[in-house]
Amino acid sequence: MVTGAGARLRAVYVACAMAAVPTTTPTTAPLRSGRRRIGDRVGDGALRTITALAALAVVVLLGAIVYKILHLAHSAWSTYGLHFVTAKTWDPVHKAFGALPFIYGTAISSLIALLISAPLAIGIALYLTELAPKGVRGVVGSLIEMLAAIPSVVLGLWGILVLGPFLANHLEPWLHRKLGFIGIFGAPEATGTGLFTAGLILTIMVVPIVASICRELFMQVPADLEEGALALGTTRWEMIRGVTLPATRSGIAAALILGLGRALGEAIAVTQVIGGGTRITNNVFGPGDTLASKIAASYQGAASSLEQSSLLYLGALLLIIGLVVNLVAQVIVRRFDPLREAR
Amino acid sequence: MAVAAERISLRATGRSRRRLRLNRVMEGVAVLAASVALAALGIVVVSVVVRAWPALHVSLFTQTPNLFGGPGGGISSAIVGSALIVAMATGMALPVGVLAAIFMTEFARPRVAAAIQLFLDVLNGVPTIVTGIFVYGLLVIGHLQSAYAGAFALAVVMLPLVARATQEVLLLVPNTLREASLALGVSRWRTVVGVIIPTTLGGILTGTVIAMARAAGETAPLLFTCSIFAPAVSTDVTHALPNIPVLIFTYSEQPDPALHQQAWAAALVLMAFILITSLTARGLLARSRRKLTHG
């Protein structure tokens, strides 16, 4: 039964929809439209060319970035060659430069971020897809996406002025006392800046990214498979462990690699909280620097042209690592379709 | 009698009880994970608001920074600079991004489209500090830092976001709409300009606004291209303009608490801008998506 008012409303809606989709009225006398046909052909060709150029610009841009960065790093490359990657000192006074402390710092801070954010993000995604009531789901989902929208510089500001002092006064001394014997929880810095703080800030940046990808993956798992498991009498956790996670395994891996790419490349927030150091230390509370943060920290200018060129070499290393990580993640995403894998 | 009733109790025992308990624990872990993330968001937002509150005066938006630090002063020049730089970046990224997306969905063969999509995704993954160095090498070496160099760097960050968002809405356009237009004898380009773009305008704008919100908070691309301290309000885009992200970054590295307070205030302004724009964009997107799928 459609009431009169409802029908009228629908008619209005249809009219609106039609108005919203402007139709190009074909001109009359279609048979004598040779001129228009030429115009169409020119227009088609022009639009195709312009859009193709724009698409080409994307490709050229990526190529130009790679070329330019490698070109900028060339001078340090010709001085040090590949030895730069394994050299342990960064000493502007004696003009000895090596990338290893920063590669180490990048690896440790990203590893901390990944270790914490992997269970967290997967837990969040499972909560959002399997547990949360419908009304809560949307709200919590958008709040977590909001976390991704916080600019890194603001997170860094928070990290240096709020999180750092808190860690230095509470968490780090406690971990040092209780777990100091392992060796990685050394004496904390008074300011709370260091690799661990950087790892935590990176965690905040990585979690929403990984969680939102995992959420989409979990939603794509066919409902009949999950329901089949439940119908066999599994608990919800057994269903997740037996069906959902195996079906999305490679997707989760890709999501984590994308998160890793984000953590590797973050410069600003890390510079603010990592303390800045060029020594390789096994104390996670100690200061350090990542490839990206070293570059950002030195933005006000290097003392010598060799130092500047070495910084650009760091940039080239960062670009190469970033490209490889992203490419791997994209290939996994494209290669493995959760639907196909589940069947 | 009571004994018999107890014997057929439905309470799970033994193995099944253990399974249920594990299930309960794991569900608890998932809820905990979500709460931790929400708590992190809450703590960050609350600390920014609380610390920025004392600095929130009209003067924040009308005055320029004090030359020698100390309390007072405002961030008006940084707001103007940021607005200009982001506007210019949008002007560069929007046309290229939309056109590239149109090529991918309307003209390119599937394999070509997939290749370009891969390039966009990889471009999106380039560390933003590397983008900064790239533009530094391209436009700043041999010249000076300038607002347009900064805008170009931000445009490189925005381009893949705009292009991918546009591509996704273009893919939502029902094929029947395209076919109807073509069947009426309308040429391809007029179909694109007259039918496809107007129907997806909402989605394209949404993607652009989200990319703008992201670009407004980016610091790394601006460090090497547009970060020289310049306190005065200026609209001269051939010189470095002060901007909010770099201001927050430099102030956060200073020991002066008055500058920290300015940084918190600037952070609040930035976050409010990002929150408002992305919320409106999300609302718009939901509406235009409904229109596309059910309209």
# chains A, B, ... in the order shown; residues from 1 in each chain; ligands from 1
call {"tool": "residues_around", "arguments": {"residues": "Ile210 in chain B", "least_positions_apart": "4", "cutoff": "9 Å", "atoms": "only C-alpha atoms", "output": "JSON, numbers by chain"}}
result
{"B": [161, 162, 205, 206, 214, 215, 274, 277, 278, 281, 282]}
call {"tool": "residues_around", "arguments": {"residues": "Phe273 in chain B", "least_positions_apart": "2", "cutoff": "12 Å", "atoms": "only C-alpha atoms", "output": "list in words"}}
result
Ala149, Ile150 and Pro151 of chain A; Ile79, Ser82, Ala83, Val209, Ile210, Met212, Ala213, Arg214, Ala215, Ala216, Gly217, Ile244, Ala266, Ala267, Leu268, Val269, Leu270, Met271, Leu275, Ile276, Thr277, Ser278, Leu279 and Thr280 of chain B
call {"tool": "atom_distance", "arguments": {"atom1": "CA of Val48 in chain B", "atom2": "CA of Ser142 in chain A"}}
result
19.7 Å
call {"tool": "closest_residue", "arguments": {"among": "A:Gly275, A:Leu147, A:Leu161, A:Ile295", "to": "Ala263 in chain B", "atoms": "only C-alpha atoms"}}
result
A:Leu161
call {"tool": "closest_residue", "arguments": {"among": "B:Ile129, B:Val86, B:Leu154, B:Ala147", "to": "chain A", "atoms": "only C-alpha atoms"}}
result
B:Ile129
call {"tool": "closest_residue", "arguments": {"among": "B:Ile141, B:Val186, B:Val58, B:Leu84", "to": "chain A", "atoms": "only C-alpha atoms"}}
result
B:Val186
call {"tool": "select_by_dssp", "arguments": {"residues": "range 90-255 of chain B", "states": "alpha helix (DSSP H)", "output": "PyMOL selection string"}}
result
chain B and resi 90-102+110-125+128-135+147-172+175-183+188-191+197-216+220-223+244-252
call {"tool": "residues_around", "arguments": {"residues": "Ala34 in chain B", "least_positions_apart": "2", "cutoff": "9 Å", "atoms": "only C-alpha atoms", "output": "VMD selection string"}}
result
(chain A and resid 120 to 121 123 to 125 127 to 128 140 144) or (chain B and resid 29 to 32 36 to 39)
call {"tool": "write_last_selection", "arguments": {"atoms": "C-alpha atoms", "output": "JSON list (two decimals), in the first residue's frame"}}
result
[["chain", "number", "residue", "atom", "x", "y", "z"],
["A", 120, "LEU", "CA", 46.17, -4.28, 18.59],
["A", 121, "ALA", "CA", 45.04, -3.60, 15.04],
["A", 123, "GLY", "CA", 41.95, -7.06, 17.73],
["A", 124, "ILE", "CA", 40.30, -3.78, 16.77],
["A", 125, "ALA", "CA", 39.33, -5.09, 13.35],
["A", 127, "TYR", "CA", 35.97, -6.22, 17.44],
["A", 128, "LEU", "CA", 34.53, -4.01, 14.71],
["A", 140, "VAL", "CA", 34.06, 3.37, 17.03],
["A", 144, "ILE", "CA", 39.66, 5.03, 15.03],
["B", 29, "VAL", "CA", 41.19, -8.95, 24.25],
["B", 30, "ALA", "CA", 39.45, -7.55, 21.16],
["B", 31, "VAL", "CA", 37.35, -5.16, 23.25],
["B", 32, "LEU", "CA", 40.49, -4.13, 25.11],
["B", 36, "VAL", "CA", 43.20, 1.20, 24.00],
["B", 37, "ALA", "CA", 42.94, 2.88, 20.61],
["B", 38, "LEU", "CA", 40.02, 5.02, 21.71],
["B", 39, "ALA", "CA", 41.87, 5.92, 24.91]]
call {"tool": "residues_around", "arguments": {"residues": "Leu144 in chain B", "least_positions_apart": "4", "cutoff": "10 Å", "atoms": "only C-alpha atoms", "output": "number ranges by chain"}}
result
B: 136, 139-140, 149, 225-226, 228, 238-240
call {"tool": "closest_residue", "arguments": {"among": "B:Ser59, B:Thr200, B:Thr219, B:Thr208", "to": "Val130 in chain B", "atoms": "only C-alpha atoms"}}
result
B:Thr219
call {"tool": "residues_around", "arguments": {"residues": "Leu222 in chain B", "least_positions_apart": "6", "cutoff": "8 Å", "atoms": "only C-alpha atoms", "output": "PDB file with all heavy atoms, in the first residue's frame"}}
result
ATOM      1  N   GLY B 132      59.869  15.739  -0.063  1.00  0.00           N
ATOM      2  CA  GLY B 132      60.438  17.044   0.245  1.00  0.00           C
ATOM      3  C   GLY B 132      61.808  17.228  -0.381  1.00  0.00           C
ATOM      4  O   GLY B 132      62.088  18.256  -0.993  1.00  0.00           O
ATOM      5  N   GLY B 150      56.773  24.528  -1.892  1.00  0.00           N
ATOM      6  CA  GLY B 150      56.073  23.791  -0.846  1.00  0.00           C
ATOM      7  C   GLY B 150      54.762  23.240  -1.357  1.00  0.00           C
ATOM      8  O   GLY B 150      54.401  22.082  -1.092  1.00  0.00           O
ATOM      9  N   ALA B 153      55.292  20.233  -3.489  1.00  0.00           N
ATOM     10  CA  ALA B 153      55.579  19.040  -2.686  1.00  0.00           C
ATOM     11  C   ALA B 153      54.285  18.472  -2.087  1.00  0.00           C
ATOM     12  O   ALA B 153      54.059  17.257  -2.106  1.00  0.00           O
ATOM     13  CB  ALA B 153      56.575  19.383  -1.579  1.00  0.00           C
ATOM     14  N   LEU B 154      53.421  19.351  -1.577  1.00  0.00           N
ATOM     15  CA  LEU B 154      52.150  18.871  -1.033  1.00  0.00           C
ATOM     16  C   LEU B 154      51.276  18.276  -2.138  1.00  0.00           C
ATOM     17  O   LEU B 154      50.551  17.308  -1.914  1.00  0.00           O
ATOM     18  CB  LEU B 154      51.393  20.007  -0.339  1.00  0.00           C
ATOM     19  CG  LEU B 154      51.962  20.477   0.999  1.00  0.00           C
ATOM     20  CD1 LEU B 154      51.016  21.473   1.648  1.00  0.00           C
ATOM     21  CD2 LEU B 154      52.184  19.308   1.936  1.00  0.00           C
ATOM     22  N   VAL B 246      55.015  23.628  10.103  1.00  0.00           N
ATOM     23  CA  VAL B 246      56.416  23.947  10.384  1.00  0.00           C
ATOM     24  C   VAL B 246      56.511  24.769  11.670  1.00  0.00           C
ATOM     25  O   VAL B 246      57.444  24.593  12.470  1.00  0.00           O
ATOM     26  CB  VAL B 246      57.047  24.687   9.184  1.00  0.00           C
ATOM     27  CG1 VAL B 246      58.415  25.220   9.555  1.00  0.00           C
ATOM     28  CG2 VAL B 246      57.159  23.750   8.001  1.00  0.00           C
TER      29      VAL B 246
END
call {"tool": "residues_around", "arguments": {"residues": "Arg241 in chain A", "least_positions_apart": "4", "cutoff": "12 Å", "atoms": "only C-alpha atoms", "output": "PyMOL selection string"}}
result
(chain A and resi 122+126+218+226+229-230+234-237+245-249) or (chain B and resi 22-23+26)
call {"tool": "atom_distance", "arguments": {"atom1": "CA of Lys95 in chain A", "atom2": "CA of Thr250 in chain B"}}
result
27.0 Å
call {"tool": "closest_residue", "arguments": {"among": "B:Ala100, B:Met92, B:Val173, B:Ala183", "to": "chain A", "atoms": "only C-alpha atoms"}}
result
B:Ala100
call {"tool": "residues_around", "arguments": {"residues": "Phe166 in chain A", "least_positions_apart": "2", "cutoff": "12 Å", "atoms": "only C-alpha atoms", "output": "VMD selection string"}}
result
chain A and resid 158 to 164 168 to 174 188 to 193 197
call {"tool": "write_last_selection", "arguments": {"atoms": "N, CA, C and O atoms", "output": "compact mmCIF listing (two decimals), in the first residue's frame"}}
result
# COMPACT_ATOMS: atom_id res chain seq x y z
N TRP A 158 52.84 16.11 21.08
CA TRP A 158 52.28 15.39 22.24
C TRP A 158 53.32 14.42 22.79
O TRP A 158 53.49 14.31 24.01
N GLY A 159 54.03 13.76 21.89
CA GLY A 159 55.02 12.78 22.32
C GLY A 159 56.15 13.41 23.11
O GLY A 159 56.58 12.87 24.13
N ILE A 160 56.60 14.59 22.68
CA ILE A 160 57.76 15.20 23.34
C ILE A 160 57.35 15.86 24.65
O ILE A 160 58.11 15.87 25.62
N LEU A 161 56.13 16.40 24.72
CA LEU A 161 55.75 17.17 25.91
C LEU A 161 54.87 16.39 26.89
O LEU A 161 54.80 16.75 28.07
N VAL A 162 54.17 15.37 26.44
CA VAL A 162 53.28 14.64 27.35
C VAL A 162 53.75 13.20 27.53
O VAL A 162 54.00 12.75 28.65
N LEU A 163 53.85 12.47 26.41
CA LEU A 163 54.18 11.05 26.52
C LEU A 163 55.60 10.83 27.05
O LEU A 163 55.82 9.98 27.92
N GLY A 164 56.56 11.62 26.54
CA GLY A 164 57.97 11.46 26.93
C GLY A 164 58.16 11.58 28.44
O GLY A 164 58.66 10.64 29.09
N ALA A 168 59.29 8.64 31.03
CA ALA A 168 60.54 8.80 31.78
C ALA A 168 60.31 8.68 33.28
O ALA A 168 61.15 8.20 34.02
N ASN A 169 59.13 9.15 33.73
CA ASN A 169 58.87 9.15 35.17
C ASN A 169 58.23 7.87 35.66
O ASN A 169 58.36 7.53 36.83
N HIS A 170 57.48 7.16 34.80
CA HIS A 170 56.74 6.01 35.29
C HIS A 170 57.12 4.70 34.62
O HIS A 170 57.71 3.83 35.23
N LEU A 171 56.75 4.57 33.34
CA LEU A 171 56.86 3.26 32.71
C LEU A 171 58.30 2.77 32.56
O LEU A 171 58.62 1.63 32.89
N GLU A 172 59.19 3.66 32.08
CA GLU A 172 60.54 3.21 31.76
C GLU A 172 61.35 2.80 33.00
O GLU A 172 61.99 1.74 32.98
N PRO A 173 61.32 3.59 34.12
CA PRO A 173 62.04 3.13 35.30
C PRO A 173 61.51 1.78 35.80
O PRO A 173 62.29 0.91 36.22
N TRP A 174 60.20 1.60 35.71
CA TRP A 174 59.57 0.35 36.17
C TRP A 174 60.05 -0.83 35.32
O TRP A 174 60.48 -1.85 35.84
N PRO A 188 66.72 4.66 31.53
CA PRO A 188 65.95 5.61 30.72
C PRO A 188 66.61 6.98 30.65
O PRO A 188 67.38 7.35 31.53
N GLU A 189 66.28 7.73 29.60
CA GLU A 189 66.70 9.11 29.48
C GLU A 189 65.82 9.97 30.38
O GLU A 189 64.64 9.67 30.58
N ALA A 190 66.38 11.06 30.88
CA ALA A 190 65.59 11.93 31.76
C ALA A 190 64.43 12.59 31.01
O ALA A 190 63.38 12.87 31.60
N THR A 191 64.59 12.83 29.71
CA THR A 191 63.54 13.53 28.97
C THR A 191 62.48 12.59 28.43
O THR A 191 61.42 13.03 28.01
N GLY A 192 62.78 11.30 28.45
CA GLY A 192 61.81 10.35 27.91
C GLY A 192 61.87 10.25 26.40
O GLY A 192 61.01 9.63 25.79
N THR A 193 62.88 10.86 25.76
CA THR A 193 62.98 10.70 24.31
C THR A 193 63.90 9.51 24.01
O THR A 193 64.88 9.29 24.72
N THR A 197 60.06 5.52 22.79
CA THR A 197 59.03 6.55 22.64
C THR A 197 58.65 6.69 21.16
O THR A 197 57.47 6.80 20.81
call {"tool": "atom_distance", "arguments": {"atom1": "CA of Asp289 in chain A", "atom2": "CA of Ser109 in chain A"}}
result
9.1 Å
call {"tool": "decode", "arguments": {"residues": "range 252-264 of chain A", "atoms": "N, CA, C and O atoms", "output": "compact mmCIF listing (two decimals), in the first residue's frame"}}
result
# COMPACT_ATOMS: atom_id res chain seq x y z
N ILE A 252 46.38 -9.76 5.71
CA ILE A 252 46.88 -9.19 6.97
C ILE A 252 48.36 -8.89 6.85
O ILE A 252 48.84 -7.84 7.26
N ALA A 253 49.09 -9.84 6.21
CA ALA A 253 50.53 -9.60 6.01
C ALA A 253 50.74 -8.33 5.20
O ALA A 253 51.57 -7.49 5.56
N ALA A 254 49.96 -8.16 4.14
CA ALA A 254 50.11 -6.96 3.31
C ALA A 254 49.80 -5.71 4.11
O ALA A 254 50.50 -4.69 4.00
N ALA A 255 48.76 -5.78 4.94
CA ALA A 255 48.40 -4.63 5.75
C ALA A 255 49.53 -4.26 6.70
O ALA A 255 49.86 -3.08 6.87
N LEU A 256 50.14 -5.28 7.29
CA LEU A 256 51.25 -5.02 8.22
C LEU A 256 52.44 -4.43 7.48
O LEU A 256 53.12 -3.54 7.99
N ILE A 257 52.69 -4.92 6.26
CA ILE A 257 53.82 -4.38 5.50
C ILE A 257 53.55 -2.91 5.12
O ILE A 257 54.44 -2.07 5.18
N LEU A 258 52.28 -2.61 4.78
CA LEU A 258 51.95 -1.21 4.48
C LEU A 258 52.16 -0.35 5.72
O LEU A 258 52.67 0.77 5.65
N GLY A 259 51.76 -0.89 6.88
CA GLY A 259 51.98 -0.17 8.14
C GLY A 259 53.47 0.04 8.38
O GLY A 259 53.90 1.12 8.80
N LEU A 260 54.25 -0.99 8.08
CA LEU A 260 55.70 -0.90 8.23
C LEU A 260 56.24 0.22 7.34
O LEU A 260 57.08 1.02 7.77
N GLY A 261 55.73 0.29 6.10
CA GLY A 261 56.16 1.33 5.19
C GLY A 261 55.90 2.71 5.76
O GLY A 261 56.73 3.61 5.67
N ARG A 262 54.74 2.85 6.38
CA ARG A 262 54.40 4.14 7.00
C ARG A 262 55.37 4.44 8.14
O ARG A 262 55.87 5.57 8.27
N ALA A 263 55.67 3.43 8.96
CA ALA A 263 56.54 3.64 10.12
C ALA A 263 57.96 3.98 9.67
O ALA A 263 58.60 4.85 10.24
N LEU A 264 58.43 3.30 8.64
CA LEU A 264 59.79 3.53 8.14
C LEU A 264 59.96 4.96 7.66
O LEU A 264 60.99 5.59 7.88
